[in-house]
file my_file11.cif (mmCIF, C-alpha atoms, pLDDT in the B column; chains and numbers go by the auth columns)
data_start
#
loop_
_atom_site.group_PDB
_atom_site.id
_atom_site.type_symbol
_atom_site.label_atom_id
_atom_site.label_comp_id
_atom_site.label_asym_id
_atom_site.label_seq_id
_atom_site.Cartn_x
_atom_site.Cartn_y
_atom_site.Cartn_z
_atom_site.B_iso_or_equiv
_atom_site.auth_seq_id
_atom_site.auth_asym_id
ATOM 1 C CA MET A 1 115.942 109.423 119.594 88.00 49 S
ATOM 2 C CA ARG A 2 113.447 112.196 119.089 93.00 50 S
ATOM 3 C CA VAL A 3 110.032 112.749 117.669 93.00 51 S
ATOM 4 C CA ARG A 4 110.238 115.188 114.773 92.00 52 S
ATOM 5 C CA LYS A 5 106.570 115.418 114.001 94.00 53 S
ATOM 6 C CA ASP A 6 103.398 113.795 115.196 95.00 54 S
ATOM 7 C CA GLU A 7 99.684 113.608 114.624 96.00 55 S
ATOM 8 C CA SER A 8 96.804 112.128 116.599 97.00 56 S
ATOM 9 C CA ARG A 9 93.697 110.662 115.064 97.00 57 S
ATOM 10 C CA PRO A 10 90.495 109.349 116.579 97.00 58 S
ATOM 11 C CA LEU A 11 89.614 105.686 116.116 98.00 59 S
ATOM 12 C CA ARG A 12 85.925 105.573 116.948 97.00 60 S
ATOM 13 C CA ALA A 13 84.127 104.054 113.987 95.00 61 S
ATOM 14 C CA GLU A 14 84.868 101.792 111.039 92.00 62 S
ATOM 15 C CA ASP A 15 85.404 104.763 108.754 95.00 63 S
ATOM 16 C CA ASP A 16 88.188 105.926 111.055 97.00 64 S
ATOM 17 C CA VAL A 17 90.038 102.697 110.234 96.00 65 S
ATOM 18 C CA VAL A 18 89.984 103.660 106.552 96.00 66 S
ATOM 19 C CA ARG A 19 91.133 107.193 107.377 97.00 67 S
ATOM 20 C CA ALA A 20 93.890 105.844 109.651 97.00 68 S
ATOM 21 C CA ARG A 21 95.154 103.631 106.815 97.00 69 S
ATOM 22 C CA GLN A 22 95.214 106.614 104.478 97.00 70 S
ATOM 23 C CA ALA A 23 97.020 108.816 107.014 98.00 71 S
ATOM 24 C CA VAL A 24 99.684 106.164 107.668 98.00 72 S
ATOM 25 C CA ARG A 25 100.099 105.704 103.929 98.00 73 S
ATOM 26 C CA SER A 26 100.681 109.403 103.316 97.00 74 S
ATOM 27 C CA TRP A 27 103.246 109.614 106.140 97.00 75 S
ATOM 28 C CA ALA A 28 105.038 106.528 104.802 98.00 76 S
ATOM 29 C CA VAL A 29 105.086 107.977 101.293 98.00 77 S
ATOM 30 C CA GLU A 30 106.365 111.299 102.576 96.00 78 S
ATOM 31 C CA MET A 31 109.194 109.507 104.389 96.00 79 S
ATOM 32 C CA GLY A 32 110.159 107.672 101.237 97.00 80 S
ATOM 33 C CA PHE A 33 109.417 104.119 102.379 98.00 81 S
ATOM 34 C CA SER A 34 109.527 101.543 99.575 98.00 82 S
ATOM 35 C CA LEU A 35 106.161 100.403 98.223 98.00 83 S
ATOM 36 C CA VAL A 36 106.495 97.028 99.968 98.00 84 S
ATOM 37 C CA ASP A 37 107.327 98.680 103.301 98.00 85 S
ATOM 38 C CA GLN A 38 104.462 101.156 102.872 98.00 86 S
ATOM 39 C CA THR A 39 102.117 98.259 102.220 98.00 87 S
ATOM 40 C CA LYS A 40 103.357 96.315 105.251 98.00 88 S
ATOM 41 C CA LEU A 41 103.018 99.325 107.521 98.00 89 S
ATOM 42 C CA VAL A 42 99.558 100.262 106.264 98.00 90 S
ATOM 43 C CA THR A 43 98.395 96.649 106.573 97.00 91 S
ATOM 44 C CA ALA A 44 99.705 96.453 110.150 97.00 92 S
ATOM 45 C CA ALA A 45 97.987 99.776 110.893 97.00 93 S
ATOM 46 C CA SER A 46 94.732 98.442 109.481 96.00 94 S
ATOM 47 C CA GLU A 47 94.817 95.360 111.709 94.00 95 S
ATOM 48 C CA LEU A 48 95.654 97.362 114.820 96.00 96 S
ATOM 49 C CA ALA A 49 93.200 100.183 114.129 96.00 97 S
ATOM 50 C CA ARG A 50 90.430 97.636 113.671 94.00 98 S
ATOM 51 C CA ASN A 51 91.346 96.022 116.997 92.00 99 S
ATOM 52 C CA THR A 52 91.157 99.413 118.692 94.00 100 S
ATOM 53 C CA VAL A 53 87.698 100.099 117.261 94.00 101 S
ATOM 54 C CA VAL A 54 86.166 96.633 117.480 91.00 102 S
ATOM 55 C CA TYR A 55 87.727 95.165 120.626 89.00 103 S
ATOM 56 C CA GLY A 56 88.901 98.286 122.438 92.00 104 S
ATOM 57 C CA GLY A 57 85.637 100.146 121.991 93.00 105 S
ATOM 58 C CA GLY A 58 87.451 103.005 120.258 96.00 106 S
ATOM 59 C CA GLY A 59 90.523 105.032 121.056 97.00 107 S
ATOM 60 C CA THR A 60 93.235 106.957 119.309 98.00 108 S
ATOM 61 C CA LEU A 61 96.138 106.506 116.938 98.00 109 S
ATOM 62 C CA ARG A 62 99.255 108.621 117.306 98.00 110 S
ATOM 63 C CA ILE A 63 101.629 108.736 114.363 98.00 111 S
ATOM 64 C CA GLU A 64 105.181 109.875 115.089 98.00 112 S
ATOM 65 C CA LEU A 65 108.122 110.524 112.828 97.00 113 S
ATOM 66 C CA LEU A 66 111.209 109.303 114.703 97.00 114 S
ATOM 67 C CA GLU A 67 114.773 110.348 114.217 95.00 115 S
ATOM 68 C CA ASP A 68 117.544 108.307 115.764 93.00 116 S
ATOM 69 C CA GLY A 69 120.844 109.646 114.487 93.00 117 S
ATOM 70 C CA ALA A 70 120.774 109.121 110.765 92.00 118 S
ATOM 71 C CA ARG A 71 117.952 106.631 111.066 94.00 119 S
ATOM 72 C CA LYS A 72 114.343 107.575 110.489 96.00 120 S
ATOM 73 C CA GLY A 73 111.267 105.633 111.369 97.00 121 S
ATOM 74 C CA LEU A 74 107.551 105.815 111.798 98.00 122 S
ATOM 75 C CA ARG A 75 106.002 104.936 115.142 98.00 123 S
ATOM 76 C CA LEU A 76 102.317 104.146 115.493 98.00 124 S
ATOM 77 C CA VAL A 77 100.696 104.069 118.920 98.00 125 S
ATOM 78 C CA PHE A 78 97.192 102.618 119.270 97.00 126 S
ATOM 79 C CA VAL A 79 95.523 103.337 122.587 97.00 127 S
ATOM 80 C CA ASP A 80 92.124 102.299 123.848 95.00 128 S
ATOM 81 C CA GLU A 81 90.431 102.222 127.203 92.00 129 S
ATOM 82 C CA GLY A 82 88.510 99.055 126.556 90.00 130 S
ATOM 83 C CA ALA A 83 88.337 95.764 128.380 86.00 131 S
ATOM 84 C CA GLY A 84 92.017 94.977 127.843 87.00 132 S
ATOM 85 C CA ILE A 85 93.529 91.662 126.865 83.00 133 S
ATOM 86 C CA PRO A 86 93.751 89.183 129.746 78.00 134 S
ATOM 87 C CA ASP A 87 96.352 86.975 128.083 79.00 135 S
ATOM 88 C CA VAL A 88 98.599 88.832 125.641 81.00 136 S
ATOM 89 C CA GLU A 89 100.672 85.727 124.818 79.00 137 S
ATOM 90 C CA THR A 90 97.609 83.885 123.620 79.00 138 S
ATOM 91 C CA ALA A 91 96.281 86.911 121.747 78.00 139 S
ATOM 92 C CA LEU A 92 99.525 87.125 119.770 80.00 140 S
ATOM 93 C CA ARG A 93 99.221 83.547 118.611 78.00 141 S
ATOM 94 C CA ASP A 94 98.104 82.981 115.031 70.00 142 S
ATOM 95 C CA GLY A 95 94.603 81.673 114.740 65.00 143 S
ATOM 96 C CA TYR A 96 93.471 83.077 118.062 62.00 144 S
ATOM 97 C CA THR A 97 90.374 85.219 117.748 63.00 145 S
ATOM 98 C CA THR A 98 87.499 86.257 119.923 58.00 146 S
ATOM 99 C CA GLY A 99 85.736 87.996 117.093 58.00 147 S
ATOM 100 C CA THR A 100 85.118 87.901 113.399 52.00 148 S
ATOM 101 C CA GLY A 101 88.675 87.994 112.087 53.00 149 S
ATOM 102 C CA LEU A 102 91.078 85.256 111.165 48.00 150 S
ATOM 103 C CA GLY A 103 93.024 85.671 114.356 55.00 151 S
ATOM 104 C CA LEU A 104 95.973 87.038 112.445 60.00 152 S
ATOM 105 C CA GLY A 105 95.574 90.633 113.565 78.00 153 S
ATOM 106 C CA LEU A 106 98.084 91.044 116.376 87.00 154 S
ATOM 107 C CA GLY A 107 100.557 88.333 115.437 88.00 155 S
ATOM 108 C CA GLY A 108 100.361 89.304 111.778 90.00 156 S
ATOM 109 C CA ALA A 109 100.872 92.996 112.503 93.00 157 S
ATOM 110 C CA LYS A 110 103.921 92.107 114.608 94.00 158 S
ATOM 111 C CA ARG A 111 105.527 90.352 111.666 94.00 159 S
ATOM 112 C CA LEU A 112 105.042 93.369 109.406 96.00 160 S
ATOM 113 C CA VAL A 113 106.980 95.872 111.533 97.00 161 S
ATOM 114 C CA ASN A 114 110.441 96.121 113.117 97.00 162 S
ATOM 115 C CA GLU A 115 109.406 96.790 116.692 97.00 163 S
ATOM 116 C CA PHE A 116 106.245 95.751 118.458 96.00 164 S
ATOM 117 C CA ALA A 117 105.164 96.319 122.041 95.00 165 S
ATOM 118 C CA ILE A 118 101.870 95.706 123.726 94.00 166 S
ATOM 119 C CA GLU A 119 100.731 96.731 127.184 93.00 167 S
ATOM 120 C CA SER A 120 97.343 95.652 128.364 90.00 168 S
ATOM 121 C CA ARG A 121 95.584 95.218 131.653 87.00 169 S
ATOM 122 C CA PRO A 122 92.120 93.789 132.061 87.00 170 S
ATOM 123 C CA GLY A 123 89.736 96.685 132.558 88.00 171 S
ATOM 124 C CA ALA A 124 92.365 99.319 131.848 89.00 172 S
ATOM 125 C CA GLY A 125 92.690 99.168 128.084 93.00 173 S
ATOM 126 C CA THR A 126 95.421 98.348 125.633 93.00 174 S
ATOM 127 C CA ARG A 127 98.332 100.196 124.112 96.00 175 S
ATOM 128 C CA VAL A 128 100.077 98.779 121.066 96.00 176 S
ATOM 129 C CA THR A 129 103.230 100.478 119.800 97.00 177 S
ATOM 130 C CA VAL A 130 104.881 99.566 116.521 98.00 178 S
ATOM 131 C CA VAL A 131 107.871 101.046 114.720 98.00 179 S
ATOM 132 C CA LYS A 132 108.992 100.612 111.157 98.00 180 S
ATOM 133 C CA TRP A 133 112.502 101.883 110.450 97.00 181 S
ATOM 134 C CA LYS A 134 113.464 103.107 107.065 94.00 182 S
ATOM 135 C CA MET B 1 74.842 103.046 101.823 56.00 506 Z
ATOM 136 C CA ASP B 2 77.662 102.597 99.299 83.00 507 Z
ATOM 137 C CA ARG B 3 77.752 99.442 97.274 91.00 508 Z
ATOM 138 C CA ILE B 4 80.416 97.850 95.087 95.00 509 Z
ATOM 139 C CA PRO B 5 78.874 97.398 91.614 96.00 510 Z
ATOM 140 C CA ILE B 6 78.485 93.860 90.303 97.00 511 Z
ATOM 141 C CA LEU B 7 78.382 93.504 86.503 97.00 512 Z
ATOM 142 C CA LYS B 8 76.977 90.516 84.672 97.00 513 Z
ATOM 143 C CA MET B 9 78.884 89.339 81.633 94.00 514 Z
ATOM 144 C CA GLY B 10 77.462 86.193 80.084 94.00 515 Z
ATOM 145 C CA PRO B 11 77.631 83.415 82.656 96.00 516 Z
ATOM 146 C CA PHE B 12 80.000 85.398 84.870 97.00 517 Z
ATOM 147 C CA LEU B 13 79.789 88.167 87.426 98.00 518 Z
ATOM 148 C CA LEU B 14 82.467 90.832 87.436 97.00 519 Z
ATOM 149 C CA VAL B 15 83.470 92.945 90.385 98.00 520 Z
ATOM 150 C CA THR B 16 86.128 95.619 90.350 97.00 521 Z
ATOM 151 C CA ILE B 17 86.986 96.937 93.777 96.00 522 Z
ATOM 152 C CA GLN B 18 88.126 100.497 93.305 92.00 523 Z
ATOM 153 C CA VAL B 19 87.710 102.008 96.727 91.00 524 Z
ATOM 154 C CA ASP B 20 89.440 101.576 100.045 91.00 525 Z
ATOM 155 C CA MET B 21 86.680 99.447 101.572 92.00 526 Z
ATOM 156 C CA HIS B 22 85.563 99.799 105.130 92.00 527 Z
ATOM 157 C CA ASP B 23 84.592 96.513 106.730 93.00 528 Z
ATOM 158 C CA ARG B 24 80.836 96.906 106.316 93.00 529 Z
ATOM 159 C CA LEU B 25 81.220 97.578 102.602 95.00 530 Z
ATOM 160 C CA ALA B 26 83.246 94.374 102.214 95.00 531 Z
ATOM 161 C CA LEU B 27 80.579 92.423 104.065 95.00 532 Z
ATOM 162 C CA SER B 28 77.799 93.848 101.936 96.00 533 Z
ATOM 163 C CA LEU B 29 79.725 92.845 98.800 97.00 534 Z
ATOM 164 C CA GLN B 30 79.830 89.317 100.181 96.00 535 Z
ATOM 165 C CA ASP B 31 76.041 89.294 100.674 97.00 536 Z
ATOM 166 C CA ASP B 32 75.273 91.018 97.361 97.00 537 Z
ATOM 167 C CA LEU B 33 77.384 88.528 95.434 97.00 538 Z
ATOM 168 C CA ALA B 34 75.661 85.547 97.016 97.00 539 Z
ATOM 169 C CA GLU B 35 72.288 87.007 96.042 97.00 540 Z
ATOM 170 C CA ARG B 36 73.378 87.798 92.501 98.00 541 Z
ATOM 171 C CA ILE B 37 74.842 84.310 91.976 98.00 542 Z
ATOM 172 C CA ALA B 38 71.566 82.797 93.109 97.00 543 Z
ATOM 173 C CA SER B 39 69.357 85.141 91.071 97.00 544 Z
ATOM 174 C CA THR B 40 71.399 84.986 87.840 97.00 545 Z
ATOM 175 C CA GLY B 41 72.655 81.419 88.019 97.00 546 Z
ATOM 176 C CA ALA B 42 76.152 82.729 87.313 97.00 547 Z
ATOM 177 C CA ARG B 43 78.812 80.045 86.996 96.00 548 Z
ATOM 178 C CA GLY B 44 81.774 82.207 87.811 97.00 549 Z
ATOM 179 C CA VAL B 45 82.770 85.314 89.748 97.00 550 Z
ATOM 180 C CA LEU B 46 85.771 87.404 88.839 98.00 551 Z
ATOM 181 C CA ILE B 47 87.004 89.886 91.419 98.00 552 Z
ATOM 182 C CA ASP B 48 89.550 92.440 90.259 98.00 553 Z
ATOM 183 C CA ILE B 49 91.570 93.789 93.179 97.00 554 Z
ATOM 184 C CA SER B 50 94.252 95.563 91.148 97.00 555 Z
ATOM 185 C CA SER B 51 93.251 98.886 92.706 96.00 556 Z
ATOM 186 C CA LEU B 52 93.472 97.564 96.260 96.00 557 Z
ATOM 187 C CA GLU B 53 96.515 98.930 98.045 96.00 558 Z
ATOM 188 C CA ILE B 54 96.259 96.499 100.924 96.00 559 Z
ATOM 189 C CA VAL B 55 94.542 93.234 101.757 95.00 560 Z
ATOM 190 C CA ASP B 56 94.445 92.745 105.505 93.00 561 Z
ATOM 191 C CA SER B 57 93.108 89.757 107.420 90.00 562 Z
ATOM 192 C CA PHE B 58 89.546 91.076 107.278 92.00 563 Z
ATOM 193 C CA ILE B 59 89.481 91.569 103.507 94.00 564 Z
ATOM 194 C CA GLY B 60 91.284 88.249 103.154 93.00 565 Z
ATOM 195 C CA ARG B 61 88.569 86.552 105.124 91.00 566 Z
ATOM 196 C CA VAL B 62 85.861 88.214 103.026 94.00 567 Z
ATOM 197 C CA LEU B 63 87.523 87.001 99.817 96.00 568 Z
ATOM 198 C CA ALA B 64 87.767 83.475 101.235 95.00 569 Z
ATOM 199 C CA ASN B 65 84.113 83.610 102.306 95.00 570 Z
ATOM 200 C CA ILE B 66 83.019 84.795 98.868 97.00 571 Z
ATOM 201 C CA ALA B 67 84.905 81.896 97.284 97.00 572 Z
ATOM 202 C CA GLY B 68 83.342 79.458 99.758 96.00 573 Z
ATOM 203 C CA VAL B 69 79.789 80.721 99.364 96.00 574 Z
ATOM 204 C CA SER B 70 79.980 80.797 95.574 96.00 575 Z
ATOM 205 C CA ARG B 71 81.342 77.247 95.506 95.00 576 Z
ATOM 206 C CA VAL B 72 78.338 76.091 97.487 96.00 577 Z
ATOM 207 C CA LEU B 73 76.135 77.962 94.991 97.00 578 Z
ATOM 208 C CA ASP B 74 77.902 76.167 92.119 96.00 579 Z
ATOM 209 C CA ALA B 75 79.995 79.093 90.947 96.00 580 Z
ATOM 210 C CA GLN B 76 83.768 79.493 90.863 96.00 581 Z
ATOM 211 C CA THR B 77 85.560 82.585 92.118 97.00 582 Z
ATOM 212 C CA VAL B 78 88.797 83.960 90.758 98.00 583 Z
ATOM 213 C CA VAL B 79 90.580 86.885 92.372 98.00 584 Z
ATOM 214 C CA VAL B 80 92.761 88.739 89.889 98.00 585 Z
ATOM 215 C CA GLY B 81 95.244 91.566 89.718 97.00 586 Z
ATOM 216 C CA MET B 82 96.780 91.487 93.176 97.00 587 Z
ATOM 217 C CA GLN B 83 99.649 93.969 93.385 97.00 588 Z
ATOM 218 C CA PRO B 84 103.043 92.372 94.126 97.00 589 Z
ATOM 219 C CA ALA B 85 103.523 94.434 97.306 97.00 590 Z
ATOM 220 C CA VAL B 86 100.117 93.258 98.510 97.00 591 Z
ATOM 221 C CA ALA B 87 101.016 89.627 97.797 96.00 592 Z
ATOM 222 C CA ILE B 88 104.314 89.925 99.703 96.00 593 Z
ATOM 223 C CA THR B 89 102.551 91.516 102.664 96.00 594 Z
ATOM 224 C CA LEU B 90 99.747 88.950 102.677 94.00 595 Z
ATOM 225 C CA VAL B 91 102.133 86.044 102.895 92.00 596 Z
ATOM 226 C CA GLU B 92 104.124 87.697 105.664 92.00 597 Z
ATOM 227 C CA LEU B 93 100.894 88.406 107.485 90.00 598 Z
ATOM 228 C CA GLY B 94 100.292 84.668 107.423 87.00 599 Z
ATOM 229 C CA LEU B 95 97.466 84.713 104.917 87.00 600 Z
ATOM 230 C CA SER B 96 97.638 82.485 101.871 84.00 601 Z
ATOM 231 C CA LEU B 97 93.953 82.766 100.886 89.00 602 Z
ATOM 232 C CA PRO B 98 93.184 79.053 101.065 83.00 603 Z
ATOM 233 C CA GLY B 99 90.427 78.005 98.702 87.00 604 Z
ATOM 234 C CA VAL B 100 90.694 81.209 96.673 94.00 605 Z
ATOM 235 C CA ARG B 101 91.762 80.841 93.059 96.00 606 Z
ATOM 236 C CA THR B 102 93.916 83.691 91.816 96.00 607 Z
ATOM 237 C CA ALA B 103 95.090 84.835 88.411 97.00 608 Z
ATOM 238 C CA LEU B 104 97.533 87.517 87.397 97.00 609 Z
ATOM 239 C CA ASN B 105 95.053 89.633 85.462 97.00 610 Z
ATOM 240 C CA VAL B 106 91.482 89.813 84.206 96.00 611 Z
ATOM 241 C CA GLU B 107 92.326 88.065 80.936 96.00 612 Z
ATOM 242 C CA ARG B 108 93.867 85.050 82.634 97.00 613 Z
ATOM 243 C CA GLY B 109 91.096 85.013 85.190 97.00 614 Z
ATOM 244 C CA MET B 110 88.487 84.803 82.439 96.00 615 Z
ATOM 245 C CA GLU B 111 90.441 81.992 80.795 96.00 616 Z
ATOM 246 C CA LEU B 112 90.486 80.147 84.085 95.00 617 Z
ATOM 247 C CA LEU B 113 86.743 80.552 84.562 95.00 618 Z
ATOM 248 C CA ARG B 114 85.999 79.420 81.018 94.00 619 Z
ATOM 249 C CA GLY B 115 88.229 76.413 81.593 91.00 620 Z
ATOM 250 C CA VAL B 116 86.339 75.509 84.736 81.00 621 Z
ATOM 251 C CA MET B 117 83.082 75.522 82.766 77.00 622 Z
ATOM 252 C CA GLU B 118 84.453 72.911 80.390 72.00 623 Z
ATOM 253 C CA PRO B 119 84.296 70.191 79.426 63.00 624 Z
ATOM 254 C CA ASP B 120 81.687 70.766 76.825 57.00 625 Z
ATOM 255 C CA PRO B 121 80.215 67.271 76.285 58.00 626 Z
ATOM 256 C CA ASP B 122 80.500 67.638 72.495 60.00 627 Z
ATOM 257 C CA ALA B 123 84.058 68.874 72.536 50.00 628 Z
ATOM 258 C CA VAL B 124 86.964 66.613 71.726 54.00 629 Z
ATOM 259 C CA ASP B 125 88.947 66.000 74.876 51.00 630 Z
ATOM 260 C CA ASP B 126 92.446 67.111 74.039 53.00 631 Z
ATOM 261 C CA ALA B 127 93.329 68.497 77.433 51.00 632 Z
ATOM 262 C CA GLY B 128 94.880 65.244 78.577 51.00 633 Z
ATOM 263 C CA PRO B 129 94.371 63.680 81.976 56.00 634 Z
ATOM 264 C CA GLU B 130 93.560 66.037 84.803 51.00 635 Z
ATOM 265 C CA GLY B 131 96.458 66.770 87.138 45.00 636 Z
#
call {"tool": "encode", "arguments": {"input": "my_file11.cif", "output": "structure tokens"}}
result
Amino acid sequence: MRVRKDESRPLRAEDDVVRARQAVRSWAVEMGFSLVDQTKLVTAASELARNTVVYGGGGTLRIELLEDGARKGLRLVFVDEGAGIPDVETALRDGYTTGTGLGLGLGGAKRLVNEFAIESRPGAGTRVTVVKWK
Amino acid sequence: MDRIPILKMGPFLLVTIQVDMHDRLALSLQDDLAERIASTGARGVLIDISSLEIVDSFIGRVLANIAGVSRVLDAQTVVVGMQPAVAITLVELGLSLPGVRTALNVERGMELLRGVMEPDPDAVDDAGPEG
């Protein structure tokens, strides 16, 4: 599996969440994802980008075009150096929220993609990686 | 700061969301609508989201809040025009917009709002028993 192309974007303020959505959309369109898959990926990106800004205190999004044999996919990596998530299991549960959302952010985003990984340590930040295969 | 315009049409307020909203803009729409319902005495709010390419959990919550606040202020909210891909994604996300009335398009949304304003006390009741 290799990364054919990639781009990094800052996630510092609310407006960056909007720009991140638009960037993910244009990559998904370029790769020829169906409209439903584009929408799922952009929605997942919106949830995760908001988490990075609001809970992670800001960070970055890396967008990568993956090629695995004949298969192509889009990988999104959200990294922050915030407080981290003490209990990832609980955070993934629907309805769990520490903030203003519905608590569907992480768990919801996971359902909208094909692969989902989260690494987090209290005090050391959080890294969420998702992949949507075409 | 940007604002989403709110139009008054008879007893109803009309909102067409045409931009990719950042969270603050969505929240200010929520506040603006509450104020306009109170100041105009509007009986219904129609929100057209046909231009929205996604509805995530934040926007979903704002729509649910708008519906809740307007109900308390004696107005009904109808969200219209959701794109099919957005609907599919919303359900998968785990969001079913509880308490939010939806209609396929503006026309049906208006019908729904007018229906909610009935019954006119002078009108002949031919709608049958309520289901």
call {"tool": "resolve_selection", "arguments": {"input": "my_file11.cif", "expression": "the PyMOL selection byres ((chain Z) within 10 of (chain S))", "output": "list in words"}}
result
Asp525, Met526, His527, Asp528, Arg529, Glu558, Ile559, Val560, Asp561, Ser562, Phe563, Ile564, Gly565, Arg566, Val567, Gln588, Pro589, Ala590, Val591, Ala592, Ile593, Thr594, Leu595, Val596, Glu597, Leu598, Gly599 and Leu600 of chain Z
call {"tool": "atom_distance", "arguments": {"input": "my_file11.cif", "atom1": "CA of Arg613 in chain Z", "atom2": "CA of Val585 in chain Z"}}
result
8.2 Å
call {"tool": "closest_residue", "arguments": {"input": "my_file11.cif", "among": "S:Ala71, S:Leu109, S:Ala139, S:Val161", "to": "Val125 in chain S", "atoms": "only C-alpha atoms"}}
result
S:Leu109
call {"tool": "closest_residue", "arguments": {"input": "my_file11.cif", "among": "S:Leu96, S:Asp135, S:Lys120, S:Glu129", "to": "Thr177 in chain S", "atoms": "only C-alpha atoms"}}
result
S:Leu96
call {"tool": "atom_distance", "arguments": {"input": "my_file11.cif", "atom1": "CA of Gln523 in chain Z", "atom2": "CA of Asp537 in chain Z"}}
result
16.5 Å
call {"tool": "atom_distance", "arguments": {"input": "my_file11.cif", "atom1": "CA of Leu122 in chain S", "atom2": "CA of Thr138 in chain S"}}
result
26.8 Å
call {"tool": "closest_residue", "arguments": {"input": "my_file11.cif", "among": "Z:Gly586, Z:Gly604, Z:Gly573, Z:Gly546", "to": "Val520 in chain Z", "atoms": "only C-alpha atoms"}}
result
Z:Gly586
call {"tool": "resolve_selection", "arguments": {"input": "my_file11.cif", "expression": "the PyMOL selection byres ((chain Z and resi 608) around 8)", "output": "PyMOL selection string"}}
result
chain Z and resi 583-586+606-607+609-611+613-614+617
call {"tool": "resolve_selection", "arguments": {"input": "my_file11.cif", "expression": "the PyMOL selection byres ((chain Z and resi 514) around 12)", "output": "number ranges by chain"}}
result
Z: 511-513, 515-520, 545-551, 615
call {"tool": "closest_residue", "arguments": {"input": "my_file11.cif", "among": "Z:Ala543, Z:Leu602, Z:Leu557, Z:Ile552", "to": "Ala569 in chain Z", "atoms": "only C-alpha atoms"}}
result
Z:Leu602
call {"tool": "closest_residue", "arguments": {"input": "my_file11.cif", "among": "S:Val179, S:Leu124, S:Ile166, S:Ala97", "to": "Glu137 in chain S", "atoms": "all atoms listed in the file"}}
result
S:Ile166
call {"tool": "residues_around", "arguments": {"input": "my_file11.cif", "residues": "Asp54 in chain S", "least_positions_apart": "5", "cutoff": "9 Å", "atoms": "only C-alpha atoms", "output": "PyMOL selection string"}}
result
chain S and resi 110-113
call {"tool": "axis_aligned_box", "arguments": {"input": "my_file11.cif", "around": "range 71-78 of chain S", "padding_each_side": "8 Å", "output": "AutoDock Vina command-line options"}}
result
--center_x 101.7 --center_y 108.5 --center_z 104.5 --size_x 25.3 --size_y 21.6 --size_z 22.4
call {"tool": "closest_residue", "arguments": {"input": "my_file11.cif", "among": "Z:Val574, Z:Met587, Z:Met622, Z:Val605", "to": "Arg541 in chain Z", "atoms": "only C-alpha atoms"}}
result
Z:Val574
